[in-house]
file upload.txt (compact mmCIF, C-alpha atoms)
# COMPACT_ATOMS: atom_id res chain seq x y z
CA MET A 1 92.36 117.80 77.27
CA ILE A 2 92.38 119.97 80.37
CA GLU A 3 95.14 119.15 82.85
CA TYR A 4 94.13 119.89 86.42
CA THR A 5 96.60 120.65 89.18
CA PRO A 6 96.63 119.00 92.62
CA GLU A 7 95.41 122.33 94.03
CA ASP A 8 92.39 122.16 91.70
CA TYR A 9 91.50 118.70 93.00
CA GLU A 10 91.96 119.80 96.60
CA PHE A 11 89.75 122.88 96.24
CA ALA A 12 87.05 120.91 94.41
CA LEU A 13 87.14 118.40 97.26
CA ARG A 14 86.70 121.22 99.77
CA ILE A 15 83.65 122.44 97.86
CA LEU A 16 82.29 118.91 97.85
CA HIS A 17 82.81 118.08 101.51
CA HIS A 18 83.52 121.32 103.38
CA ARG A 19 81.53 124.01 101.58
CA GLU A 20 80.71 125.68 104.91
CA ASP A 21 84.41 126.49 105.43
CA LEU A 22 84.57 128.54 102.22
CA THR A 23 83.17 132.00 101.58
CA GLU A 24 81.00 132.69 98.56
CA GLU A 25 83.71 135.02 97.28
CA GLU A 26 86.34 132.26 97.42
CA VAL A 27 84.10 129.83 95.56
CA LEU A 28 83.12 132.32 92.85
CA ARG A 29 86.71 133.51 92.37
CA TRP A 30 87.88 129.92 91.90
CA MET A 31 85.01 129.19 89.53
CA ASP A 32 85.89 132.24 87.44
CA GLU A 33 88.31 129.94 85.58
CA PRO A 34 86.51 127.97 82.83
CA GLU A 35 88.54 124.82 83.51
CA HIS A 36 87.41 124.88 87.15
CA LEU A 37 83.80 124.97 86.04
CA GLU A 38 84.47 122.01 83.78
CA LEU A 39 86.08 120.08 86.63
CA LEU A 40 83.09 120.64 88.89
CA ARG A 41 80.67 119.79 86.13
CA GLU A 42 82.45 116.48 85.57
CA ILE A 43 82.21 115.66 89.25
CA ALA A 44 78.59 116.73 89.45
CA PHE A 45 77.41 114.62 86.54
CA VAL A 46 79.04 111.33 87.49
CA ARG A 47 76.92 108.28 88.09
CA MET A 48 73.63 110.17 88.23
CA SER A 49 71.61 107.00 88.09
CA GLN A 50 73.08 105.74 91.36
CA TYR A 51 71.63 108.54 93.44
CA GLU A 52 67.88 108.03 93.12
CA GLU A 53 67.03 109.46 96.54
CA ASN A 54 67.75 113.05 95.48
CA ARG A 55 67.13 112.57 91.78
CA GLU A 56 64.70 115.48 91.37
CA GLU A 57 67.12 118.00 92.89
CA ILE A 58 69.97 116.63 90.77
CA ILE A 59 67.95 116.89 87.55
CA LEU A 60 66.92 120.45 88.45
CA GLY A 61 70.54 121.39 89.10
CA LYS A 62 71.67 119.82 85.83
CA ARG A 63 69.10 121.77 83.82
CA ARG A 64 70.05 125.06 85.47
CA LEU A 65 73.75 124.33 84.97
CA ASN A 66 73.36 123.58 81.26
CA ARG A 67 71.39 126.79 80.75
CA ALA A 68 74.00 128.78 82.67
CA LEU A 69 76.92 127.40 80.69
CA HIS A 70 75.31 128.53 77.45
CA ALA A 71 74.44 132.02 78.65
CA THR A 72 76.28 135.11 77.42
CA ARG A 73 76.67 137.27 80.52
CA ARG A 74 79.73 135.98 82.38
CA LEU A 75 78.93 137.27 85.87
CA TRP A 76 75.43 135.87 85.75
CA VAL A 77 76.83 132.60 84.43
CA ILE A 78 79.20 132.20 87.37
CA GLY A 79 76.52 132.85 89.96
CA THR A 80 74.04 130.49 88.35
CA VAL A 81 76.64 127.78 87.77
CA ALA A 82 77.72 128.00 91.39
CA ALA A 83 74.16 127.58 92.64
CA SER A 84 73.45 124.76 90.19
CA ILE A 85 76.58 122.81 91.03
CA LEU A 86 75.93 123.13 94.74
CA ILE A 87 72.45 121.70 94.21
CA ILE A 88 73.91 118.76 92.29
CA LEU A 89 76.70 118.17 94.78
CA GLY A 90 74.26 118.43 97.63
CA GLY A 91 72.30 115.61 96.05
CA LEU A 92 75.29 113.43 95.29
CA PHE A 93 77.25 113.75 98.55
CA GLN A 94 80.14 111.73 97.16
CA ILE A 95 82.27 111.28 94.07
CA GLY A 96 81.35 108.71 91.43
CA MET A 97 82.81 107.37 88.21
CA ILE A 98 84.20 109.90 85.78
CA GLY A 99 84.68 109.01 82.14
CA GLU A 100 87.71 111.17 81.43
CA ARG A 101 91.04 109.82 82.61
CA LEU A 102 94.22 111.48 83.79
CA HIS A 103 96.87 110.91 81.11
CA GLY A 104 100.54 110.91 81.96
CA PHE A 105 101.95 111.01 85.47
CA THR A 106 100.52 113.27 88.13
CA GLU A 107 102.12 113.28 91.56
CA VAL A 108 99.62 114.40 94.16
CA ALA A 109 102.04 116.42 96.21
CA ALA A 110 99.21 118.33 97.85
CA ILE A 111 98.04 115.30 99.84
CA THR A 112 98.66 115.99 103.51
CA PRO A 113 101.05 113.30 104.81
CA GLY A 114 99.48 110.71 107.05
CA SER A 115 101.01 109.41 110.24
CA ASN A 116 101.69 106.19 112.10
CA LYS A 117 98.42 105.52 113.88
CA ALA A 118 96.19 102.50 114.21
CA GLN A 119 94.11 100.42 116.59
CA LEU A 120 95.22 96.96 117.64
CA ILE A 121 92.42 94.62 118.71
CA LEU A 122 93.83 91.74 120.75
CA SER A 123 92.43 88.22 120.79
CA ASP A 124 90.63 88.89 124.10
CA GLY A 125 88.88 91.95 122.63
CA GLU A 126 91.10 94.55 124.32
CA ILE A 127 91.68 97.61 122.11
CA VAL A 128 95.07 99.34 122.09
CA ASP A 129 95.49 102.74 120.41
CA LEU A 130 98.78 102.99 118.54
CA HIS A 131 100.10 106.43 117.73
CA ALA A 132 103.09 108.65 118.40
CA ALA A 133 102.22 109.25 122.06
CA VAL A 134 101.30 105.65 122.93
CA ARG A 135 103.90 102.93 122.47
CA ARG A 136 103.35 100.67 125.48
CA LEU A 137 101.47 97.42 124.97
CA PRO A 138 99.55 95.50 127.66
CA LEU A 139 101.56 93.15 129.88
CA SER A 140 99.48 90.25 128.58
CA VAL A 141 101.29 90.41 125.23
CA THR A 142 104.76 91.39 126.45
CA GLY A 143 107.25 88.99 124.91
CA ILE A 144 104.88 88.18 122.05
CA ILE A 145 104.48 91.61 120.44
CA ARG A 146 106.93 94.50 120.37
CA ASN A 147 105.90 98.00 119.29
CA ASP A 148 108.70 100.15 117.92
CA SER A 149 108.37 103.81 116.97
CA LEU A 150 110.11 103.19 113.63
CA GLU A 151 109.47 99.53 112.84
CA GLY A 152 105.85 99.27 114.03
CA LEU A 153 104.56 96.00 115.49
CA LYS A 154 106.75 92.92 115.52
CA TYR A 155 105.48 89.47 116.50
CA SER A 156 107.78 86.76 117.80
CA GLU A 157 107.55 83.19 116.54
CA ASN A 158 105.87 81.01 119.18
CA VAL A 159 105.72 77.47 117.83
CA GLY A 160 102.95 75.34 119.29
CA MET A 161 100.74 78.19 120.45
CA LYS A 162 97.04 78.11 119.65
CA GLU A 163 96.01 80.28 116.71
CA ASP A 164 94.72 83.43 118.42
CA TYR A 165 93.90 86.31 116.09
CA ASN A 166 94.68 90.02 116.29
CA VAL A 167 93.18 92.78 114.14
CA LEU A 168 95.03 95.93 113.07
CA GLN A 169 92.87 98.85 111.86
CA THR A 170 94.02 102.17 110.40
CA PRO A 171 91.84 105.32 110.32
CA VAL A 172 91.62 108.10 107.74
CA GLY A 173 95.11 109.59 107.41
CA GLY A 174 96.74 106.68 109.21
CA PHE A 175 99.07 103.85 108.21
CA TYR A 176 101.06 101.22 110.07
CA HIS A 177 103.77 98.63 109.56
CA LEU A 178 103.99 95.22 111.19
CA GLU A 179 106.08 92.08 111.01
CA LEU A 180 104.17 88.84 111.44
CA SER A 181 105.47 85.90 113.44
CA ASP A 182 106.87 84.19 110.31
CA GLY A 183 108.88 87.27 109.33
CA THR A 184 106.42 88.50 106.68
CA ARG A 185 106.32 92.29 106.59
CA VAL A 186 103.08 94.20 105.95
CA TRP A 187 102.44 97.90 105.34
CA LEU A 188 98.79 98.78 105.99
CA ASN A 189 97.38 101.82 104.18
CA ALA A 190 94.73 104.25 105.46
CA CYS A 191 91.15 103.07 106.14
CA SER A 192 92.26 99.43 106.14
CA GLU A 193 92.03 96.34 108.33
CA LEU A 194 94.19 93.24 108.61
CA ARG A 195 93.17 90.15 110.59
CA TYR A 196 96.00 87.70 111.27
CA PRO A 197 97.07 85.01 113.76
CA VAL A 198 99.49 85.87 116.55
CA SER A 199 101.39 82.73 115.54
CA PHE A 200 100.85 80.65 112.41
CA VAL A 201 99.77 77.10 113.26
CA GLY A 202 99.31 74.30 110.76
CA LYS A 203 100.26 73.84 107.12
CA GLU A 204 99.32 77.28 105.81
CA ARG A 205 99.63 80.95 106.72
CA ARG A 206 96.46 82.97 106.17
CA VAL A 207 95.48 86.61 106.75
CA GLU A 208 92.35 88.60 105.85
CA LEU A 209 92.48 92.09 104.33
CA LYS A 210 90.02 94.95 103.93
CA GLY A 211 91.47 98.04 102.27
CA GLU A 212 95.04 98.19 101.00
CA ALA A 213 98.30 96.59 102.06
CA TYR A 214 101.75 95.88 100.67
CA PHE A 215 103.25 92.48 101.56
CA GLN A 216 106.81 91.15 101.61
CA VAL A 217 106.14 87.48 102.29
CA SER A 218 108.77 85.37 104.01
CA ARG A 219 109.49 82.27 101.93
CA ASP A 220 108.35 78.93 103.36
CA SER A 221 107.82 76.21 100.73
CA LEU A 222 106.04 73.98 103.24
CA ARG A 223 103.52 76.61 104.33
CA PRO A 224 102.02 78.75 101.54
CA PHE A 225 100.85 82.24 102.47
CA TYR A 226 97.28 83.32 101.66
CA VAL A 227 95.69 86.76 101.57
CA GLN A 228 91.89 86.64 101.64
CA THR A 229 89.85 89.66 100.51
CA SER A 230 86.13 89.98 99.86
CA ARG A 231 86.57 88.62 96.31
CA GLN A 232 90.09 87.19 96.04
CA ASN A 233 92.03 84.33 97.55
CA ILE A 234 95.71 85.03 96.84
CA ARG A 235 98.27 82.23 97.27
CA VAL A 236 101.98 83.05 97.48
CA LEU A 237 105.28 81.53 98.57
CA GLY A 238 107.95 84.23 98.77
CA THR A 239 106.71 87.36 97.07
CA SER A 240 106.37 91.16 97.18
CA PHE A 241 102.99 92.46 96.07
CA ASN A 242 100.28 95.03 96.74
CA VAL A 243 96.58 94.34 97.29
CA ARG A 244 93.91 97.04 97.08
CA SER A 245 90.43 95.97 98.20
CA TYR A 246 88.34 98.93 99.33
CA PRO A 247 84.53 98.68 99.41
CA ALA A 248 82.80 99.97 96.25
CA ASP A 249 86.12 99.99 94.34
CA ARG A 250 87.55 97.53 91.86
CA GLU A 251 90.12 95.24 93.47
CA TYR A 252 93.73 95.42 92.31
CA THR A 253 96.56 92.98 92.97
CA THR A 254 99.96 94.20 91.73
CA LEU A 255 102.95 91.85 91.71
CA GLU A 256 106.39 93.35 92.27
CA SER A 257 108.45 90.15 92.55
CA GLY A 258 107.94 86.41 92.83
CA ARG A 259 104.74 84.73 91.74
CA VAL A 260 101.15 84.58 92.99
CA SER A 261 98.10 82.51 92.16
CA ILE A 262 94.75 84.25 92.57
CA HIS A 263 91.37 82.54 92.79
CA CYS A 264 88.49 84.88 91.95
CA LEU A 265 85.16 84.64 90.13
CA GLY A 266 85.62 80.88 89.94
CA GLN A 267 88.93 81.14 88.05
CA ASP A 268 92.60 80.64 88.92
CA CYS A 269 94.97 83.31 87.58
CA LEU A 270 98.77 83.47 87.69
CA LEU A 271 100.58 86.79 87.93
CA LYS A 272 104.14 87.50 86.86
CA PRO A 273 106.24 90.43 88.14
CA GLY A 274 105.06 93.70 86.64
CA GLU A 275 101.50 92.47 86.14
CA GLN A 276 98.31 93.64 87.79
CA LEU A 277 95.00 91.83 88.17
CA ARG A 278 91.98 94.13 88.06
CA LEU A 279 88.80 92.63 89.42
CA SER A 280 85.24 93.92 89.20
CA ASP A 281 82.00 92.15 90.08
CA THR A 282 81.87 90.52 86.66
CA SER A 283 85.28 90.66 85.01
CA ILE A 284 88.98 89.87 85.45
CA ILE A 285 91.66 91.77 83.54
CA ILE A 286 95.43 91.21 83.76
CA VAL A 287 97.57 94.07 82.45
CA PRO A 288 101.28 95.01 82.50
CA VAL A 289 102.02 97.94 84.82
CA ARG A 290 104.89 99.76 86.47
CA ALA A 291 104.57 98.13 89.88
CA GLU A 292 106.38 100.98 91.64
CA ASN A 293 103.47 103.30 90.80
CA TYR A 294 101.15 101.18 92.92
CA ILE A 295 103.38 100.62 95.94
CA GLY A 296 104.81 104.13 96.37
CA TRP A 297 102.12 104.98 98.93
CA LYS A 298 104.00 103.01 101.60
CA ASN A 299 106.71 105.67 101.30
CA GLN A 300 104.07 108.45 101.14
CA CYS A 301 104.51 108.91 97.40
CA TRP A 302 101.48 108.77 95.10
CA VAL A 303 101.85 108.44 91.34
CA TYR A 304 98.84 108.32 89.00
CA ASP A 305 99.24 107.06 85.46
CA ASN A 306 96.19 106.97 83.17
CA CYS A 307 93.88 106.39 86.13
CA MET A 308 90.30 107.43 86.80
CA LEU A 309 89.85 110.86 88.36
CA GLN A 310 87.51 109.15 90.79
CA GLU A 311 90.42 107.16 92.22
CA VAL A 312 92.43 110.31 92.88
CA PHE A 313 89.57 111.85 94.84
CA ARG A 314 89.00 108.68 96.85
CA ASP A 315 92.66 108.59 97.83
CA LEU A 316 92.47 112.24 98.87
CA GLU A 317 89.45 111.44 101.03
CA ARG A 318 91.34 108.67 102.83
CA TRP A 319 94.36 110.88 103.51

call {"tool": "encode", "arguments": {"input": "upload.txt", "output": "structure tokens"}}
result
Amino acid sequence: MIEYTPEDYEFALRILHHREDLTEEEVLRWMDEPEHLELLREIAFVRMSQYEENREEIILGKRRLNRALHATRRLWVIGTVAASILIILGGLFQIGMIGERLHGFTEVAAITPGSNKAQLILSDGEIVDLHAAVRRLPLSVTGIIRNDSLEGLKYSENVGMKEDYNVLQTPVGGFYHLELSDGTRVWLNACSELRYPVSFVGKERRVELKGEAYFQVSRDSLRPFYVQTSRQNIRVLGTSFNVRSYPADREYTTLESGRVSIHCLGQDCLLKPGEQLRLSDTSIIIVPVRAENYIGWKNQCWVYDNCMLQEVFRDLERW
């Protein structure tokens, strides 16, 4: 099986999304390597049936590409393959499912590090940009929220307050850390959103997640902690775990320590440390994993073990 380097993935991604920034000479020189052609062909052929709008152009490109790959004159092959793949990629516009997996561990060291940046939407609708140059919060929340350059947002416990909600959103290439009013710590990955109360009121603690986050939940036996995603309702007491819930992706919940109960697809599932629940539209799978592989992103370390190539590209797009 061909083993691709992080640089291969990065260049293929540039061809896919930023072709105008590359010269024809750069593209053809890169495609002179047979394994690079194979990589692009894999990307180009994924999930054809899901792109009906440009189906005719995709089919045309596929036919030309197959003819080119079986030709005998190398220079003509490269030129024709390049044109054919660009037609296919132009029709696809994005990466889909790829059958071949990455075996073994591949650290994507070529990912450009993200930075601490996010938007905080207060309960009154006011939007506060959070990044390296902006650390001051509105006077209306002084004493309730503190923003620290290293620790991120920290909410104070205000017993008896009404349950106002804040929303924290991270952009492409952004991440942020916050501590909720009960002491629970949350790391929010890129392209994600967390909705949570300024102060937890009542007999439960509940937050809503879109995207990916790592949680270290403060133990409170009288008030269970819930994480709600589009397809999961996760109940915890005192636990460390990671939740990945991006649109169009399978959902993953990975338990590092403690215990969680997950309600999804009409079923209740219990996870033990070192287990991961994988959820699609129609199925639930629980598998043993190395939890550290799935939480390293919070320290800007990505490790891929026997994962879909599609997932690598999607992570690259977010960072």

call {"tool": "residues_around", "arguments": {"input": "upload.txt", "residues": "Gly174 in chain A", "least_positions_apart": "6", "cutoff": "6 Å", "atoms": "all atoms listed in the file", "output": "PyMOL selection string"}}
result
chain A and resi 114-117+190

call {"tool": "closest_residue", "arguments": {"input": "upload.txt", "among": "A:Asn293, A:Tyr226, A:Gly202, A:Arg278", "to": "Val260 in chain A", "atoms": "only C-alpha atoms"}}
result
A:Tyr226

call {"tool": "atom_distance", "arguments": {"input": "upload.txt", "atom1": "CA of Gln276 in chain A", "atom2": "CA of Arg259 in chain A"}}
result
11.7 Å

call {"tool": "closest_residue", "arguments": {"input": "upload.txt", "among": "A:Glu317, A:Asp220, A:Met31, A:Gly296", "to": "His18 in chain A", "atoms": "all atoms listed in the file"}}
result
A:Glu317

call {"tool": "closest_residue", "arguments": {"input": "upload.txt", "among": "A:Tyr176, A:Ser218, A:Leu277, A:Val201", "to": "Asn299 in chain A", "atoms": "all atoms listed in the file"}}
result
A:Tyr176

call {"tool": "closest_residue", "arguments": {"input": "upload.txt", "among": "A:Ala291, A:Ala118, A:Ile144, A:Leu237", "to": "Thr254 in chain A", "atoms": "all atoms listed in the file"}}
result
A:Ala291

call {"tool": "atom_distance", "arguments": {"input": "upload.txt", "atom1": "CA of Phe200 in chain A", "atom2": "CA of Lys162 in chain A"}}
result
8.6 Å

call {"tool": "closest_residue", "arguments": {"input": "upload.txt", "among": "A:Cys301, A:Val167, A:Ile145, A:Val236", "to": "Asp124 in chain A", "atoms": "all atoms listed in the file"}}
result
A:Val167

call {"tool": "atom_distance", "arguments": {"input": "upload.txt", "atom1": "CA of Ser261 in chain A", "atom2": "CA of Ser245 in chain A"}}
result
16.6 Å

call {"tool": "closest_residue", "arguments": {"input": "upload.txt", "among": "A:Tyr165, A:Tyr246, A:Trp302, A:Tyr294", "to": "Leu120 in chain A", "atoms": "all atoms listed in the file"}}
result
A:Tyr165
